[in-house]
Every structure is written in structure tokens, then in C-alpha cells.
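Worksheet for the structure shown next.
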Amino acid sequence: MRAYTVHLPSEHGADPLLIKEGFSFWAFLFPLFWSLYHRLWIESAVLILIGAVLFVAQARWGFSPNIVTALGFAVQIIFAFEARDFLRAHLARRGWWQPAIIFGRNVDGATQRWYHFSGAER
């Protein structure tokens, strides 16, 4: 079973948003595009800044291309593990609240469990 965090908007009656815990494959492959798609502007700016620093490290400071590649790969892995936490923080800044963590085989099963245990109606 997978863990999902349940997020509800500040207005009542809206549908919950469930975010899966763990590694994000798409955030690993395309970190900048993933963060832009989810409107994570601060995180996107930080990724661009890290890329610029790595470029300058290789071009100006003489870092080996292997070291720069390894550091870029490390940034991608760390971002992929933290991507969904960045998304949760973004929702919290926008006024969403997290009432529960729910488990299910998939998002549909977890959503059904949320409605069953919360007593909310669809």
C-alpha cells in the first residue's frame, strides 16, 4: 500500500487533493519542467541558479566535467526525493491544509478510504 497526504482547500465542499509519498520519477527526469508545471516558482528559480553555478564552476573555475555532471545528477536525485514535499509546502502557502495521511493501493482507493473514514460526501 502507498501513503498519500490529503490536502483540502480553505473553501468547504471542494474535492481533496491526494499527493503520493516518495520518489517522483518525472521530477527526476525533468526537474525544471516538473517544477514549472506545478507552478513551483521558487524551486524553479533555485534549480536555474544551481545550473548556473555548475556552469560557472566548469567554465570559469576549472571544475572537471565529471565532477559537474556528478553534482548535477546528485541535485536531480535529491530534488526527486523532495519534490512532493515542495508541492505540499506550495499548497500550504496557498492556504490548503493537510488533515490526514491515508493509505491505499492507488489514488482511487485512497480517495475512497478518505471519503469513507472522514464521513464527507462526494
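Lettering and numbering for the C-alpha cells are positional, with chains as A, B, ... in the shown order, residues counted from 1 in each chain, and ligands counted from 1 in the shown order.
Excluding His12 (chain A) itself and same-chain residues fewer than 2 positions from it, the residues having an atom within 12 Å of it are Leu8, Pro9, Ser10, Ala14, Asp15, Pro16, Trp96, Trp97, Ala120 and Glu121 of chain A, counting only C-alpha atoms.
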Can I get the selection written as a PDB file, in the first residue's frame, with C-alpha atoms?
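Full text of again_11.pdb as output:
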ATOM      1  CA  LEU A   8      -8.140  20.334   1.377  1.00  0.00           C
ATOM      2  CA  PRO A   9      -8.621  23.900   0.145  1.00  0.00           C
ATOM      3  CA  SER A  10      -9.793  26.567   2.534  1.00  0.00           C
ATOM      4  CA  ALA A  14     -14.176  21.197  -2.649  1.00  0.00           C
ATOM      5  CA  ASP A  15     -12.621  17.872  -3.572  1.00  0.00           C
ATOM      6  CA  PRO A  16      -9.469  16.779  -1.748  1.00  0.00           C
ATOM      7  CA  TRP A  96      -4.557  24.346   1.731  1.00  0.00           C
ATOM      8  CA  TRP A  97      -4.457  22.270   4.889  1.00  0.00           C
ATOM      9  CA  ALA A 120     -17.501  13.515   3.794  1.00  0.00           C
ATOM     10  CA  GLU A 121     -19.838  13.212   0.856  1.00  0.00           C
TER      11      GLU A 121
END
Near Trp114 (chain A), counting only C-alpha atoms, which residues have an atom at most 10 Å away, once you skip same-chain residues fewer than 3 positions from it, shown as a list in words?
Val6, Pro16, Leu18, Ala100, Ile101, Ile102, Phe103, Gly104, Asp108, Gly109, Ala110, Thr111, Phe117, Ser118, Gly119 and Ala120 of chain A
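DSSP on the backbone gives strand (DSSP E or B) for these parts of chain A: Arg2, Ala3, Tyr4, Thr5, Val6, His7, Leu8, Leu17, Leu18, Ile19, Lys20, Trp97, Gln98, Pro99, Ala100, Ile101, Ile102, Phe103 and Gly104 of chain A.
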Grab the residues selected above and save them as an mmCIF file, in the first residue's frame with N, CA and C atoms.
data_model
loop_
_atom_site.group_PDB
_atom_site.id
_atom_site.type_symbol
_atom_site.label_atom_id
_atom_site.label_comp_id
_atom_site.auth_asym_id
_atom_site.auth_seq_id
_atom_site.Cartn_x
_atom_site.Cartn_y
_atom_site.Cartn_z
ATOM 1 N N ARG A 2 0.368 2.266 -0.588
ATOM 2 C CA ARG A 2 1.102 3.524 -0.679
ATOM 3 C C ARG A 2 0.476 4.560 0.237
ATOM 4 N N ALA A 3 1.312 5.466 0.694
ATOM 5 C CA ALA A 3 0.844 6.540 1.559
ATOM 6 C C ALA A 3 0.566 7.785 0.720
ATOM 7 N N TYR A 4 -0.533 8.450 1.027
ATOM 8 C CA TYR A 4 -0.925 9.687 0.366
ATOM 9 C C TYR A 4 -1.267 10.709 1.438
ATOM 10 N N THR A 5 -0.878 11.946 1.213
ATOM 11 C CA THR A 5 -1.315 13.010 2.102
ATOM 12 C C THR A 5 -2.545 13.650 1.491
ATOM 13 N N VAL A 6 -3.531 13.928 2.324
ATOM 14 C CA VAL A 6 -4.781 14.528 1.888
ATOM 15 C C VAL A 6 -4.688 16.031 2.121
ATOM 16 N N HIS A 7 -5.012 16.801 1.095
ATOM 17 C CA HIS A 7 -4.976 18.261 1.193
ATOM 18 C C HIS A 7 -6.333 18.815 0.803
ATOM 19 N N LEU A 8 -6.841 19.713 1.627
ATOM 20 C CA LEU A 8 -8.140 20.334 1.377
ATOM 21 C C LEU A 8 -7.975 21.838 1.239
ATOM 22 N N LEU A 17 -7.233 16.885 -2.593
ATOM 23 C CA LEU A 17 -6.108 16.566 -3.473
ATOM 24 C C LEU A 17 -5.208 15.611 -2.712
ATOM 25 N N LEU A 18 -4.915 14.465 -3.305
ATOM 26 C CA LEU A 18 -4.054 13.474 -2.672
ATOM 27 C C LEU A 18 -2.698 13.482 -3.356
ATOM 28 N N ILE A 19 -1.638 13.560 -2.558
ATOM 29 C CA ILE A 19 -0.270 13.574 -3.069
ATOM 30 C C ILE A 19 0.456 12.355 -2.517
ATOM 31 N N LYS A 20 1.011 11.571 -3.430
ATOM 32 C CA LYS A 20 1.703 10.336 -3.056
ATOM 33 C C LYS A 20 3.032 10.652 -2.383
ATOM 34 N N TRP A 97 -4.866 22.894 3.640
ATOM 35 C CA TRP A 97 -4.457 22.270 4.889
ATOM 36 C C TRP A 97 -4.459 20.762 4.729
ATOM 37 N N GLN A 98 -3.671 20.107 5.556
ATOM 38 C CA GLN A 98 -3.459 18.667 5.463
ATOM 39 C C GLN A 98 -4.079 17.991 6.679
ATOM 40 N N PRO A 99 -5.294 17.464 6.526
ATOM 41 C CA PRO A 99 -5.943 16.853 7.683
ATOM 42 C C PRO A 99 -5.511 15.419 7.980
ATOM 43 N N ALA A 100 -4.956 14.704 6.976
ATOM 44 C CA ALA A 100 -4.692 13.288 7.215
ATOM 45 C C ALA A 100 -3.655 12.737 6.250
ATOM 46 N N ILE A 101 -3.146 11.580 6.631
ATOM 47 C CA ILE A 101 -2.359 10.734 5.743
ATOM 48 C C ILE A 101 -3.167 9.455 5.597
ATOM 49 N N ILE A 102 -3.356 9.024 4.368
ATOM 50 C CA ILE A 102 -4.211 7.864 4.106
ATOM 51 C C ILE A 102 -3.446 6.864 3.245
ATOM 52 N N PHE A 103 -3.769 5.610 3.368
ATOM 53 C CA PHE A 103 -3.091 4.551 2.623
ATOM 54 C C PHE A 103 -4.057 3.903 1.642
ATOM 55 N N GLY A 104 -3.519 3.493 0.499
ATOM 56 C CA GLY A 104 -4.334 2.802 -0.489
ATOM 57 C C GLY A 104 -3.445 2.184 -1.560
#
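Residues with any atom within 7 Å of region 22-28 of chain A, counting only C-alpha atoms and excluding same-chain neighbours fewer than 6 positions away, are Trp34, Gln76, Ile77, Phe79, Ala80, Phe81 and Ala83 of chain A.
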Based on the backbone DSSP call, show me all residues of chain A assigned alpha helix (DSSP H), as JSON, numbers by chain.
{"A": [25, 26, 27, 28, 29, 31, 32, 33, 34, 35, 36, 37, 41, 42, 43, 44, 45, 46, 47, 48, 49, 50, 51, 52, 53, 54, 55, 56, 57, 58, 59, 65, 66, 67, 68, 69, 70, 71, 72, 73, 74, 75, 76, 77, 78, 79, 80, 81, 82, 83, 84, 85, 86, 87, 88, 89, 90, 91, 92, 93, 107, 108, 109, 110, 111, 112, 113, 114, 115, 116, 117, 118]}
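Neighbouring residues of Phe73 (chain A) at 12 Å or closer, counting only C-alpha atoms and skipping chain neighbours under 4 positions away, are Phe28, Leu29, Phe30, Pro31, Ile50, Gly51, Leu54, Asn66, Ile67, Val68, Thr69, Ile77, Ile78, Phe79 and Ala80 of chain A.
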For the residues selected in the previous step, produce a file with N, CA and C atoms as an mmCIF file, in the first residue's frame.
data_model
loop_
_atom_site.group_PDB
_atom_site.id
_atom_site.type_symbol
_atom_site.label_atom_id
_atom_site.label_comp_id
_atom_site.auth_asym_id
_atom_site.auth_seq_id
_atom_site.Cartn_x
_atom_site.Cartn_y
_atom_site.Cartn_z
ATOM 1 N N PHE A 28 12.574 13.564 -11.312
ATOM 2 C CA PHE A 28 13.965 13.164 -11.504
ATOM 3 C C PHE A 28 14.402 13.388 -12.952
ATOM 4 N N LEU A 29 13.562 12.970 -13.905
ATOM 5 C CA LEU A 29 13.929 13.102 -15.315
ATOM 6 C C LEU A 29 13.957 14.553 -15.791
ATOM 7 N N PHE A 30 12.956 15.324 -15.386
ATOM 8 C CA PHE A 30 12.815 16.705 -15.856
ATOM 9 C C PHE A 30 12.537 17.634 -14.671
ATOM 10 N N PRO A 31 13.521 17.894 -13.816
ATOM 11 C CA PRO A 31 13.240 18.663 -12.596
ATOM 12 C C PRO A 31 12.725 20.076 -12.864
ATOM 13 N N ILE A 50 21.221 26.838 -9.443
ATOM 14 C CA ILE A 50 22.167 25.732 -9.275
ATOM 15 C C ILE A 50 22.803 25.377 -10.609
ATOM 16 N N GLY A 51 22.004 25.345 -11.674
ATOM 17 C CA GLY A 51 22.546 25.067 -13.002
ATOM 18 C C GLY A 51 23.556 26.111 -13.436
ATOM 19 N N LEU A 54 26.795 25.576 -11.503
ATOM 20 C CA LEU A 54 27.536 24.436 -12.057
ATOM 21 C C LEU A 54 28.201 24.791 -13.385
ATOM 22 N N ASN A 66 33.358 15.766 -15.221
ATOM 23 C CA ASN A 66 32.834 14.619 -14.481
ATOM 24 C C ASN A 66 32.279 15.034 -13.120
ATOM 25 N N ILE A 67 32.976 15.946 -12.460
ATOM 26 C CA ILE A 67 32.506 16.423 -11.158
ATOM 27 C C ILE A 67 31.223 17.218 -11.317
ATOM 28 N N VAL A 68 31.154 18.069 -12.324
ATOM 29 C CA VAL A 68 29.955 18.876 -12.555
ATOM 30 C C VAL A 68 28.770 17.967 -12.898
ATOM 31 N N THR A 69 29.013 16.955 -13.707
ATOM 32 C CA THR A 69 27.948 16.013 -14.054
ATOM 33 C C THR A 69 27.474 15.254 -12.821
ATOM 34 N N ILE A 77 18.662 13.810 -8.094
ATOM 35 C CA ILE A 77 18.189 12.763 -7.182
ATOM 36 C C ILE A 77 17.578 13.384 -5.929
ATOM 37 N N ILE A 78 18.262 14.344 -5.346
ATOM 38 C CA ILE A 78 17.734 14.997 -4.143
ATOM 39 C C ILE A 78 16.414 15.683 -4.448
ATOM 40 N N PHE A 79 16.339 16.375 -5.591
ATOM 41 C CA PHE A 79 15.096 17.056 -5.954
ATOM 42 C C PHE A 79 13.958 16.055 -6.129
ATOM 43 N N ALA A 80 14.241 14.905 -6.745
ATOM 44 C CA ALA A 80 13.195 13.906 -6.971
ATOM 45 C C ALA A 80 12.663 13.337 -5.658
#
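The gap separating CA of Leu36 (chain A) from CA of Leu49 (chain A) is 14.4 Å, in Å to one decimal.
Take CA of Asp85 (chain A) and CA of His116 (chain A): the distance between them is 25.7 Å.
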